[in-house]
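Coordinates from data_3.cif are shown below (mmCIF, N, CA and C atoms).
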```cif
data_data
loop_
_atom_site.label_atom_id
_atom_site.label_comp_id
_atom_site.auth_asym_id
_atom_site.auth_seq_id
_atom_site.Cartn_x
_atom_site.Cartn_y
_atom_site.Cartn_z
N MET A 1 0.83 -1.17 0.00
CA MET A 1 0.00 0.00 0.00
C MET A 1 0.89 1.25 0.00
N LYS A 2 0.59 2.17 -0.91
CA LYS A 2 1.35 3.42 -0.98
C LYS A 2 0.83 4.38 0.08
N THR A 3 1.76 5.10 0.70
CA THR A 3 1.41 6.07 1.74
C THR A 3 2.08 7.40 1.47
N ARG A 4 1.58 8.40 2.18
CA ARG A 4 2.22 9.72 2.18
C ARG A 4 2.44 10.09 3.63
N THR A 5 3.38 10.95 3.91
CA THR A 5 3.66 11.38 5.27
C THR A 5 2.91 12.66 5.57
N GLU A 6 2.06 12.62 6.59
CA GLU A 6 1.35 13.80 7.09
C GLU A 6 1.94 14.13 8.45
N LYS A 7 1.88 15.39 8.83
CA LYS A 7 2.45 15.82 10.12
C LYS A 7 1.41 16.59 10.93
N ASP A 8 1.51 16.45 12.24
CA ASP A 8 0.72 17.24 13.17
C ASP A 8 1.60 17.56 14.37
N THR A 9 1.01 18.02 15.45
CA THR A 9 1.82 18.41 16.61
C THR A 9 2.53 17.23 17.26
N MET A 10 2.08 16.02 16.96
CA MET A 10 2.72 14.82 17.52
C MET A 10 3.81 14.28 16.61
N GLY A 11 3.98 14.87 15.43
CA GLY A 11 5.01 14.43 14.51
C GLY A 11 4.44 13.79 13.26
N PRO A 12 5.30 13.13 12.49
CA PRO A 12 4.86 12.53 11.23
C PRO A 12 4.11 11.22 11.43
N VAL A 13 3.21 10.93 10.49
CA VAL A 13 2.46 9.67 10.49
C VAL A 13 2.18 9.31 9.03
N GLU A 14 2.20 8.03 8.72
CA GLU A 14 1.94 7.56 7.37
C GLU A 14 0.43 7.40 7.15
N VAL A 15 -0.07 7.95 6.04
CA VAL A 15 -1.48 7.90 5.69
C VAL A 15 -1.60 7.25 4.31
N PRO A 16 -2.52 6.32 4.12
CA PRO A 16 -2.69 5.71 2.80
C PRO A 16 -2.96 6.79 1.73
N MET A 17 -2.34 6.63 0.57
CA MET A 17 -2.46 7.61 -0.51
C MET A 17 -3.90 7.79 -0.98
N ASP A 18 -4.72 6.77 -0.87
CA ASP A 18 -6.09 6.87 -1.40
C ASP A 18 -7.07 7.48 -0.41
N LYS A 19 -6.59 7.97 0.71
CA LYS A 19 -7.47 8.58 1.72
C LYS A 19 -7.29 10.09 1.73
N TYR A 20 -8.39 10.80 2.00
CA TYR A 20 -8.37 12.26 2.01
C TYR A 20 -7.94 12.84 3.35
N TRP A 21 -7.99 12.03 4.41
CA TRP A 21 -7.73 12.57 5.74
C TRP A 21 -6.26 12.79 6.00
N GLY A 22 -6.00 13.49 7.12
CA GLY A 22 -4.63 13.82 7.50
C GLY A 22 -4.16 13.06 8.72
N ALA A 23 -3.15 13.62 9.37
CA ALA A 23 -2.45 12.94 10.46
C ALA A 23 -3.36 12.65 11.66
N GLN A 24 -4.17 13.62 12.07
CA GLN A 24 -4.97 13.40 13.28
C GLN A 24 -6.02 12.31 13.07
N THR A 25 -6.63 12.29 11.90
CA THR A 25 -7.61 11.23 11.63
C THR A 25 -6.92 9.88 11.56
N GLN A 26 -5.73 9.82 10.96
CA GLN A 26 -5.00 8.56 10.89
C GLN A 26 -4.66 8.05 12.28
N ARG A 27 -4.24 8.95 13.16
CA ARG A 27 -3.96 8.54 14.54
C ARG A 27 -5.22 8.02 15.22
N SER A 28 -6.34 8.66 14.97
CA SER A 28 -7.61 8.20 15.54
C SER A 28 -7.98 6.83 15.02
N MET A 29 -7.76 6.59 13.72
CA MET A 29 -8.07 5.29 13.13
C MET A 29 -7.23 4.19 13.78
N THR A 30 -6.01 4.53 14.14
CA THR A 30 -5.10 3.56 14.74
C THR A 30 -5.43 3.30 16.22
N ASN A 31 -5.84 4.36 16.93
CA ASN A 31 -5.96 4.26 18.38
C ASN A 31 -7.38 4.10 18.92
N PHE A 32 -8.39 4.33 18.09
CA PHE A 32 -9.77 4.26 18.57
C PHE A 32 -10.62 3.44 17.63
N LYS A 33 -11.70 2.87 18.18
CA LYS A 33 -12.62 2.11 17.36
C LYS A 33 -13.44 3.10 16.51
N ILE A 34 -13.21 3.05 15.21
CA ILE A 34 -13.92 3.93 14.28
C ILE A 34 -14.59 3.04 13.25
N GLY A 35 -15.79 3.36 12.89
CA GLY A 35 -16.54 2.55 11.94
C GLY A 35 -17.71 1.90 12.63
N GLU A 36 -18.49 1.17 11.88
CA GLU A 36 -19.67 0.51 12.44
C GLU A 36 -19.26 -0.39 13.59
N PRO A 37 -19.94 -0.43 14.69
CA PRO A 37 -21.12 0.35 15.04
C PRO A 37 -20.79 1.65 15.76
N ALA A 38 -19.53 2.06 15.79
CA ALA A 38 -19.13 3.24 16.55
C ALA A 38 -19.30 4.55 15.79
N SER A 39 -19.70 4.49 14.54
CA SER A 39 -19.79 5.70 13.72
C SER A 39 -20.95 6.59 14.10
N MET A 40 -20.82 7.85 13.70
CA MET A 40 -21.94 8.78 13.82
C MET A 40 -23.01 8.35 12.84
N PRO A 41 -24.24 8.70 13.09
CA PRO A 41 -25.29 8.40 12.11
C PRO A 41 -24.98 9.07 10.78
N LYS A 42 -25.31 8.41 9.70
CA LYS A 42 -25.03 8.94 8.37
C LYS A 42 -25.68 10.30 8.16
N GLU A 43 -26.81 10.54 8.80
CA GLU A 43 -27.48 11.84 8.67
C GLU A 43 -26.63 12.97 9.23
N VAL A 44 -25.90 12.69 10.31
CA VAL A 44 -25.02 13.69 10.91
C VAL A 44 -23.83 13.95 9.98
N ILE A 45 -23.28 12.89 9.43
CA ILE A 45 -22.15 13.05 8.50
C ILE A 45 -22.60 13.85 7.28
N ARG A 46 -23.80 13.54 6.75
CA ARG A 46 -24.33 14.28 5.60
C ARG A 46 -24.49 15.77 5.94
N ALA A 47 -25.05 16.07 7.10
CA ALA A 47 -25.25 17.46 7.51
C ALA A 47 -23.91 18.18 7.66
N MET A 48 -22.92 17.53 8.26
CA MET A 48 -21.60 18.13 8.43
C MET A 48 -20.94 18.36 7.07
N THR A 49 -21.18 17.46 6.13
CA THR A 49 -20.62 17.60 4.78
C THR A 49 -21.21 18.81 4.07
N ILE A 50 -22.52 18.98 4.18
CA ILE A 50 -23.17 20.14 3.58
C ILE A 50 -22.63 21.43 4.19
N LEU A 51 -22.45 21.43 5.51
CA LEU A 51 -21.91 22.60 6.20
C LEU A 51 -20.47 22.89 5.76
N LYS A 52 -19.66 21.85 5.67
CA LYS A 52 -18.26 22.02 5.25
C LYS A 52 -18.18 22.59 3.84
N LYS A 53 -19.03 22.08 2.94
CA LYS A 53 -19.06 22.57 1.56
C LYS A 53 -19.45 24.05 1.52
N ALA A 54 -20.50 24.41 2.25
CA ALA A 54 -20.95 25.80 2.28
C ALA A 54 -19.88 26.71 2.86
N ALA A 55 -19.22 26.27 3.93
CA ALA A 55 -18.16 27.07 4.55
C ALA A 55 -17.00 27.30 3.59
N ALA A 56 -16.64 26.28 2.84
CA ALA A 56 -15.55 26.42 1.87
C ALA A 56 -15.92 27.45 0.79
N MET A 57 -17.15 27.40 0.32
CA MET A 57 -17.59 28.33 -0.71
C MET A 57 -17.62 29.77 -0.20
N VAL A 58 -18.14 29.96 1.01
CA VAL A 58 -18.21 31.31 1.59
C VAL A 58 -16.80 31.84 1.86
N ASN A 59 -15.94 31.00 2.44
CA ASN A 59 -14.58 31.45 2.73
C ASN A 59 -13.78 31.75 1.47
N SER A 60 -14.09 31.07 0.39
CA SER A 60 -13.46 31.40 -0.89
C SER A 60 -13.95 32.76 -1.38
N ASP A 61 -15.26 32.98 -1.28
CA ASP A 61 -15.82 34.28 -1.67
C ASP A 61 -15.21 35.42 -0.85
N LEU A 62 -14.92 35.16 0.42
CA LEU A 62 -14.33 36.16 1.31
C LEU A 62 -12.81 36.27 1.14
N LYS A 63 -12.25 35.44 0.26
CA LYS A 63 -10.79 35.42 -0.01
C LYS A 63 -9.98 34.94 1.18
N VAL A 64 -10.62 34.16 2.07
CA VAL A 64 -9.92 33.57 3.21
C VAL A 64 -9.36 32.21 2.81
N LEU A 65 -9.95 31.60 1.79
CA LEU A 65 -9.56 30.29 1.30
C LEU A 65 -9.32 30.42 -0.20
N THR A 66 -8.23 29.85 -0.70
CA THR A 66 -7.98 29.95 -2.14
C THR A 66 -9.04 29.20 -2.93
N GLU A 67 -9.24 29.62 -4.15
CA GLU A 67 -10.23 28.96 -5.00
C GLU A 67 -9.86 27.50 -5.25
N ASP A 68 -8.55 27.23 -5.41
CA ASP A 68 -8.11 25.84 -5.63
C ASP A 68 -8.49 24.94 -4.45
N LYS A 69 -8.24 25.42 -3.22
CA LYS A 69 -8.58 24.63 -2.03
C LYS A 69 -10.09 24.46 -1.92
N MET A 70 -10.83 25.53 -2.22
CA MET A 70 -12.29 25.45 -2.16
C MET A 70 -12.79 24.39 -3.14
N LYS A 71 -12.24 24.38 -4.34
CA LYS A 71 -12.68 23.40 -5.35
C LYS A 71 -12.41 21.97 -4.89
N LEU A 72 -11.26 21.75 -4.24
CA LEU A 72 -10.94 20.41 -3.73
C LEU A 72 -11.92 20.01 -2.63
N ILE A 73 -12.19 20.92 -1.70
CA ILE A 73 -13.11 20.61 -0.61
C ILE A 73 -14.51 20.33 -1.16
N VAL A 74 -14.96 21.16 -2.09
CA VAL A 74 -16.29 20.97 -2.69
C VAL A 74 -16.36 19.63 -3.42
N ALA A 75 -15.30 19.27 -4.14
CA ALA A 75 -15.28 17.99 -4.87
C ALA A 75 -15.39 16.81 -3.92
N VAL A 76 -14.65 16.84 -2.81
CA VAL A 76 -14.71 15.75 -1.84
C VAL A 76 -16.09 15.71 -1.18
N CYS A 77 -16.62 16.88 -0.84
CA CYS A 77 -17.96 16.92 -0.24
C CYS A 77 -18.99 16.34 -1.20
N ASP A 78 -18.88 16.68 -2.47
CA ASP A 78 -19.81 16.13 -3.46
C ASP A 78 -19.69 14.61 -3.55
N GLU A 79 -18.46 14.10 -3.46
CA GLU A 79 -18.25 12.64 -3.46
C GLU A 79 -18.95 12.01 -2.26
N ILE A 80 -18.79 12.61 -1.11
CA ILE A 80 -19.43 12.08 0.10
C ILE A 80 -20.94 12.11 -0.04
N LEU A 81 -21.46 13.23 -0.53
CA LEU A 81 -22.91 13.39 -0.65
C LEU A 81 -23.52 12.42 -1.65
N LYS A 82 -22.78 12.07 -2.70
CA LYS A 82 -23.33 11.11 -3.67
C LYS A 82 -23.01 9.67 -3.27
N GLY A 83 -22.16 9.49 -2.25
CA GLY A 83 -21.87 8.15 -1.75
C GLY A 83 -20.91 7.36 -2.60
N SER A 84 -19.83 8.00 -3.07
CA SER A 84 -18.85 7.29 -3.91
C SER A 84 -18.15 6.19 -3.13
N SER A 85 -17.58 5.23 -3.85
CA SER A 85 -16.91 4.10 -3.22
C SER A 85 -15.68 4.54 -2.43
N THR A 86 -15.00 5.62 -2.87
CA THR A 86 -13.82 6.11 -2.15
C THR A 86 -14.20 6.62 -0.78
N THR A 87 -15.27 7.40 -0.72
CA THR A 87 -15.65 8.00 0.56
C THR A 87 -16.50 7.08 1.40
N ASN A 88 -17.08 6.04 0.85
CA ASN A 88 -17.87 5.11 1.66
C ASN A 88 -17.00 4.39 2.67
N SER A 89 -15.70 4.32 2.42
CA SER A 89 -14.82 3.67 3.39
C SER A 89 -14.68 4.49 4.67
N LEU A 90 -15.19 5.74 4.66
CA LEU A 90 -15.19 6.54 5.87
C LEU A 90 -16.22 6.04 6.85
N TRP A 91 -17.24 5.33 6.37
CA TRP A 91 -18.28 4.84 7.25
C TRP A 91 -18.61 3.46 6.83
#
```
Could I get this file's structure written as structure tokens?
Amino acid sequence: MKTRTEKDTMGPVEVPMDKYWGAQTQRSMTNFKIGEPASMPKEVIRAMTILKKAAAMVNSDLKVLTEDKMKLIVAVCDEILKGSSTTNSLW
């Protein structure tokens, strides 16, 4: 499996290349039970995704977030909302 190195305040951690998350989520995946039956309800994840997408768009309009980053966030949110196979592994 190919990985990339992500860093946080605890240092570097290897994250699978096909995952969108960063170091803190990878540490959580390693140290805590994540996934069924411990997951949040899908309705909560959907609502948070809609909020994240809207925040990215507004912050881009306000020039707080670059358009390139906004487009990436919106694309991932759209994948989650349509239930793609890549993002289904999150739940």
Of the candidates A:Cys77, A:Gly83, A:Lys19, A:Val13, which one gets nearest to A:Leu51 if we count only C-alpha atoms?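 Among A:Cys77, A:Gly83, A:Lys19, A:Val13, it is A:Cys77 that comes nearest to A:Leu51.
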Provide the atom CA of A:Thr3 to atom CA of A:Met17 distance in Å, to one decimal place.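 For atom CA of A:Thr3 relative to atom CA of A:Met17, the distance reads 4.7 Å.
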Given the file shown, enumerate the residues that the PyMOL selection byres (((chain A and resi 71 and name CA) around 12) and name CA) captures and present them as number ranges by chain. A: 53-61, 65-70, 72-78
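Pairwise distance (atom N of A:Ser28, atom CA of A:Lys2) equals 18.5 Å.
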Figure out the distance between atom CA of A:Lys63 and atom N of A:Thr25, please, to one decimal in Å. 26.3 Å
Could you tell me which residues the PyMOL selection byres ((chain A and resi 23) around 6) grabs in this file, written as number ranges by chain? A: 6-8, 13, 21-22, 24-28
Run the PyMOL selection byres (((chain A and resi 15 and name CA) around 6) and name CA) against the file shown and list the residues it catches, as a VMD selection string. chain A and resid 3 to 4 14 16
Next, write the just-selected residues to a file, as a PDB file, keeping the file's coordinate frame, keeping N, CA and C atoms as the atom set.
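Output (part-v7.pdb):
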```pdb
ATOM      1  N   THR A   3       1.760   5.100   0.700  1.00  0.00           N
ATOM      2  CA  THR A   3       1.410   6.070   1.740  1.00  0.00           C
ATOM      3  C   THR A   3       2.080   7.400   1.470  1.00  0.00           C
ATOM      4  N   ARG A   4       1.580   8.400   2.180  1.00  0.00           N
ATOM      5  CA  ARG A   4       2.220   9.720   2.180  1.00  0.00           C
ATOM      6  C   ARG A   4       2.440  10.090   3.630  1.00  0.00           C
ATOM      7  N   GLU A  14       2.200   8.030   8.720  1.00  0.00           N
ATOM      8  CA  GLU A  14       1.940   7.560   7.370  1.00  0.00           C
ATOM      9  C   GLU A  14       0.430   7.400   7.150  1.00  0.00           C
ATOM     10  N   PRO A  16      -2.520   6.320   4.120  1.00  0.00           N
ATOM     11  CA  PRO A  16      -2.690   5.710   2.800  1.00  0.00           C
ATOM     12  C   PRO A  16      -2.960   6.790   1.730  1.00  0.00           C
TER      13      PRO A  16
END
```
Between A:Val64, A:Met40, A:Met29, A:Ile80, which residue has the minimum interatomic distance to A:Lys52, considering only C-alpha atoms?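 Of A:Val64, A:Met40, A:Met29, A:Ile80, the one nearest A:Lys52, counting only C-alpha atoms, is A:Ile80.
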Apply DSSP to the backbone of this structure and, from chain A, keep only the residues in alpha helix (DSSP H); write these as a ChimeraX atom specification. /A:23-31,42-61,67-82,85-88
Would you put the residues from that selection into a file with N, CA and C atoms, as a short mmCIF file (atom, residue, chain, number, x, y, z; two decimals), keeping the file's coordinate frame?
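To be explicit, this is the file written out as out.cif:
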```
data_model
loop_
_atom_site.label_atom_id
_atom_site.label_comp_id
_atom_site.auth_asym_id
_atom_site.auth_seq_id
_atom_site.Cartn_x
_atom_site.Cartn_y
_atom_site.Cartn_z
N ALA A 23 -3.15 13.62 9.37
CA ALA A 23 -2.45 12.94 10.46
C ALA A 23 -3.36 12.65 11.66
N GLN A 24 -4.17 13.62 12.07
CA GLN A 24 -4.97 13.40 13.28
C GLN A 24 -6.02 12.31 13.07
N THR A 25 -6.63 12.29 11.90
CA THR A 25 -7.61 11.23 11.63
C THR A 25 -6.92 9.88 11.56
N GLN A 26 -5.73 9.82 10.96
CA GLN A 26 -5.00 8.56 10.89
C GLN A 26 -4.66 8.05 12.28
N ARG A 27 -4.24 8.95 13.16
CA ARG A 27 -3.96 8.54 14.54
C ARG A 27 -5.22 8.02 15.22
N SER A 28 -6.34 8.66 14.97
CA SER A 28 -7.61 8.20 15.54
C SER A 28 -7.98 6.83 15.02
N MET A 29 -7.76 6.59 13.72
CA MET A 29 -8.07 5.29 13.13
C MET A 29 -7.23 4.19 13.78
N THR A 30 -6.01 4.53 14.14
CA THR A 30 -5.10 3.56 14.74
C THR A 30 -5.43 3.30 16.22
N ASN A 31 -5.84 4.36 16.93
CA ASN A 31 -5.96 4.26 18.38
C ASN A 31 -7.38 4.10 18.92
N LYS A 42 -25.31 8.41 9.70
CA LYS A 42 -25.03 8.94 8.37
C LYS A 42 -25.68 10.30 8.16
N GLU A 43 -26.81 10.54 8.80
CA GLU A 43 -27.48 11.84 8.67
C GLU A 43 -26.63 12.97 9.23
N VAL A 44 -25.90 12.69 10.31
CA VAL A 44 -25.02 13.69 10.91
C VAL A 44 -23.83 13.95 9.98
N ILE A 45 -23.28 12.89 9.43
CA ILE A 45 -22.15 13.05 8.50
C ILE A 45 -22.60 13.85 7.28
N ARG A 46 -23.80 13.54 6.75
CA ARG A 46 -24.33 14.28 5.60
C ARG A 46 -24.49 15.77 5.94
N ALA A 47 -25.05 16.07 7.10
CA ALA A 47 -25.25 17.46 7.51
C ALA A 47 -23.91 18.18 7.66
N MET A 48 -22.92 17.53 8.26
CA MET A 48 -21.60 18.13 8.43
C MET A 48 -20.94 18.36 7.07
N THR A 49 -21.18 17.46 6.13
CA THR A 49 -20.62 17.60 4.78
C THR A 49 -21.21 18.81 4.07
N ILE A 50 -22.52 18.98 4.18
CA ILE A 50 -23.17 20.14 3.58
C ILE A 50 -22.63 21.43 4.19
N LEU A 51 -22.45 21.43 5.51
CA LEU A 51 -21.91 22.60 6.20
C LEU A 51 -20.47 22.89 5.76
N LYS A 52 -19.66 21.85 5.67
CA LYS A 52 -18.26 22.02 5.25
C LYS A 52 -18.18 22.59 3.84
N LYS A 53 -19.03 22.08 2.94
CA LYS A 53 -19.06 22.57 1.56
C LYS A 53 -19.45 24.05 1.52
N ALA A 54 -20.50 24.41 2.25
CA ALA A 54 -20.95 25.80 2.28
C ALA A 54 -19.88 26.71 2.86
N ALA A 55 -19.22 26.27 3.93
CA ALA A 55 -18.16 27.07 4.55
C ALA A 55 -17.00 27.30 3.59
N ALA A 56 -16.64 26.28 2.84
CA ALA A 56 -15.55 26.42 1.87
C ALA A 56 -15.92 27.45 0.79
N MET A 57 -17.15 27.40 0.32
CA MET A 57 -17.59 28.33 -0.71
C MET A 57 -17.62 29.77 -0.20
N VAL A 58 -18.14 29.96 1.01
CA VAL A 58 -18.21 31.31 1.59
C VAL A 58 -16.80 31.84 1.86
N ASN A 59 -15.94 31.00 2.44
CA ASN A 59 -14.58 31.45 2.73
C ASN A 59 -13.78 31.75 1.47
N SER A 60 -14.09 31.07 0.39
CA SER A 60 -13.46 31.40 -0.89
C SER A 60 -13.95 32.76 -1.38
N ASP A 61 -15.26 32.98 -1.28
CA ASP A 61 -15.82 34.28 -1.67
C ASP A 61 -15.21 35.42 -0.85
N GLU A 67 -9.24 29.62 -4.15
CA GLU A 67 -10.23 28.96 -5.00
C GLU A 67 -9.86 27.50 -5.25
N ASP A 68 -8.55 27.23 -5.41
CA ASP A 68 -8.11 25.84 -5.63
C ASP A 68 -8.49 24.94 -4.45
N LYS A 69 -8.24 25.42 -3.22
CA LYS A 69 -8.58 24.63 -2.03
C LYS A 69 -10.09 24.46 -1.92
N MET A 70 -10.83 25.53 -2.22
CA MET A 70 -12.29 25.45 -2.16
C MET A 70 -12.79 24.39 -3.14
N LYS A 71 -12.24 24.38 -4.34
CA LYS A 71 -12.68 23.40 -5.35
C LYS A 71 -12.41 21.97 -4.89
N LEU A 72 -11.26 21.75 -4.24
CA LEU A 72 -10.94 20.41 -3.73
C LEU A 72 -11.92 20.01 -2.63
N ILE A 73 -12.19 20.92 -1.70
CA ILE A 73 -13.11 20.61 -0.61
C ILE A 73 -14.51 20.33 -1.16
N VAL A 74 -14.96 21.16 -2.09
CA VAL A 74 -16.29 20.97 -2.69
C VAL A 74 -16.36 19.63 -3.42
N ALA A 75 -15.30 19.27 -4.14
CA ALA A 75 -15.28 17.99 -4.87
C ALA A 75 -15.39 16.81 -3.92
N VAL A 76 -14.65 16.84 -2.81
CA VAL A 76 -14.71 15.75 -1.84
C VAL A 76 -16.09 15.71 -1.18
N CYS A 77 -16.62 16.88 -0.84
CA CYS A 77 -17.96 16.92 -0.24
C CYS A 77 -18.99 16.34 -1.20
N ASP A 78 -18.88 16.68 -2.47
CA ASP A 78 -19.81 16.13 -3.46
C ASP A 78 -19.69 14.61 -3.55
N GLU A 79 -18.46 14.10 -3.46
CA GLU A 79 -18.25 12.64 -3.46
C GLU A 79 -18.95 12.01 -2.26
N ILE A 80 -18.79 12.61 -1.11
CA ILE A 80 -19.43 12.08 0.10
C ILE A 80 -20.94 12.11 -0.04
N LEU A 81 -21.46 13.23 -0.53
CA LEU A 81 -22.91 13.39 -0.65
C LEU A 81 -23.52 12.42 -1.65
N LYS A 82 -22.78 12.07 -2.70
CA LYS A 82 -23.33 11.11 -3.67
C LYS A 82 -23.01 9.67 -3.27
N SER A 85 -17.58 5.23 -3.85
CA SER A 85 -16.91 4.10 -3.22
C SER A 85 -15.68 4.54 -2.43
N THR A 86 -15.00 5.62 -2.87
CA THR A 86 -13.82 6.11 -2.15
C THR A 86 -14.20 6.62 -0.78
N THR A 87 -15.27 7.40 -0.72
CA THR A 87 -15.65 8.00 0.56
C THR A 87 -16.50 7.08 1.40
N ASN A 88 -17.08 6.04 0.85
CA ASN A 88 -17.87 5.11 1.66
C ASN A 88 -17.00 4.39 2.67
#
```
Would you give me, as a PyMOL selection string, the residues in stretch 2-57 of chain A that DSSP reads as strand (DSSP E or B)? chain A and resi 3-8+11-16
Name the closest residue to A:Met1 among the candidates A:Glu79, A:Pro41, A:Ala47, A:Asp18; distances are taken between atoms, counting only C-alpha atoms. A:Asp18
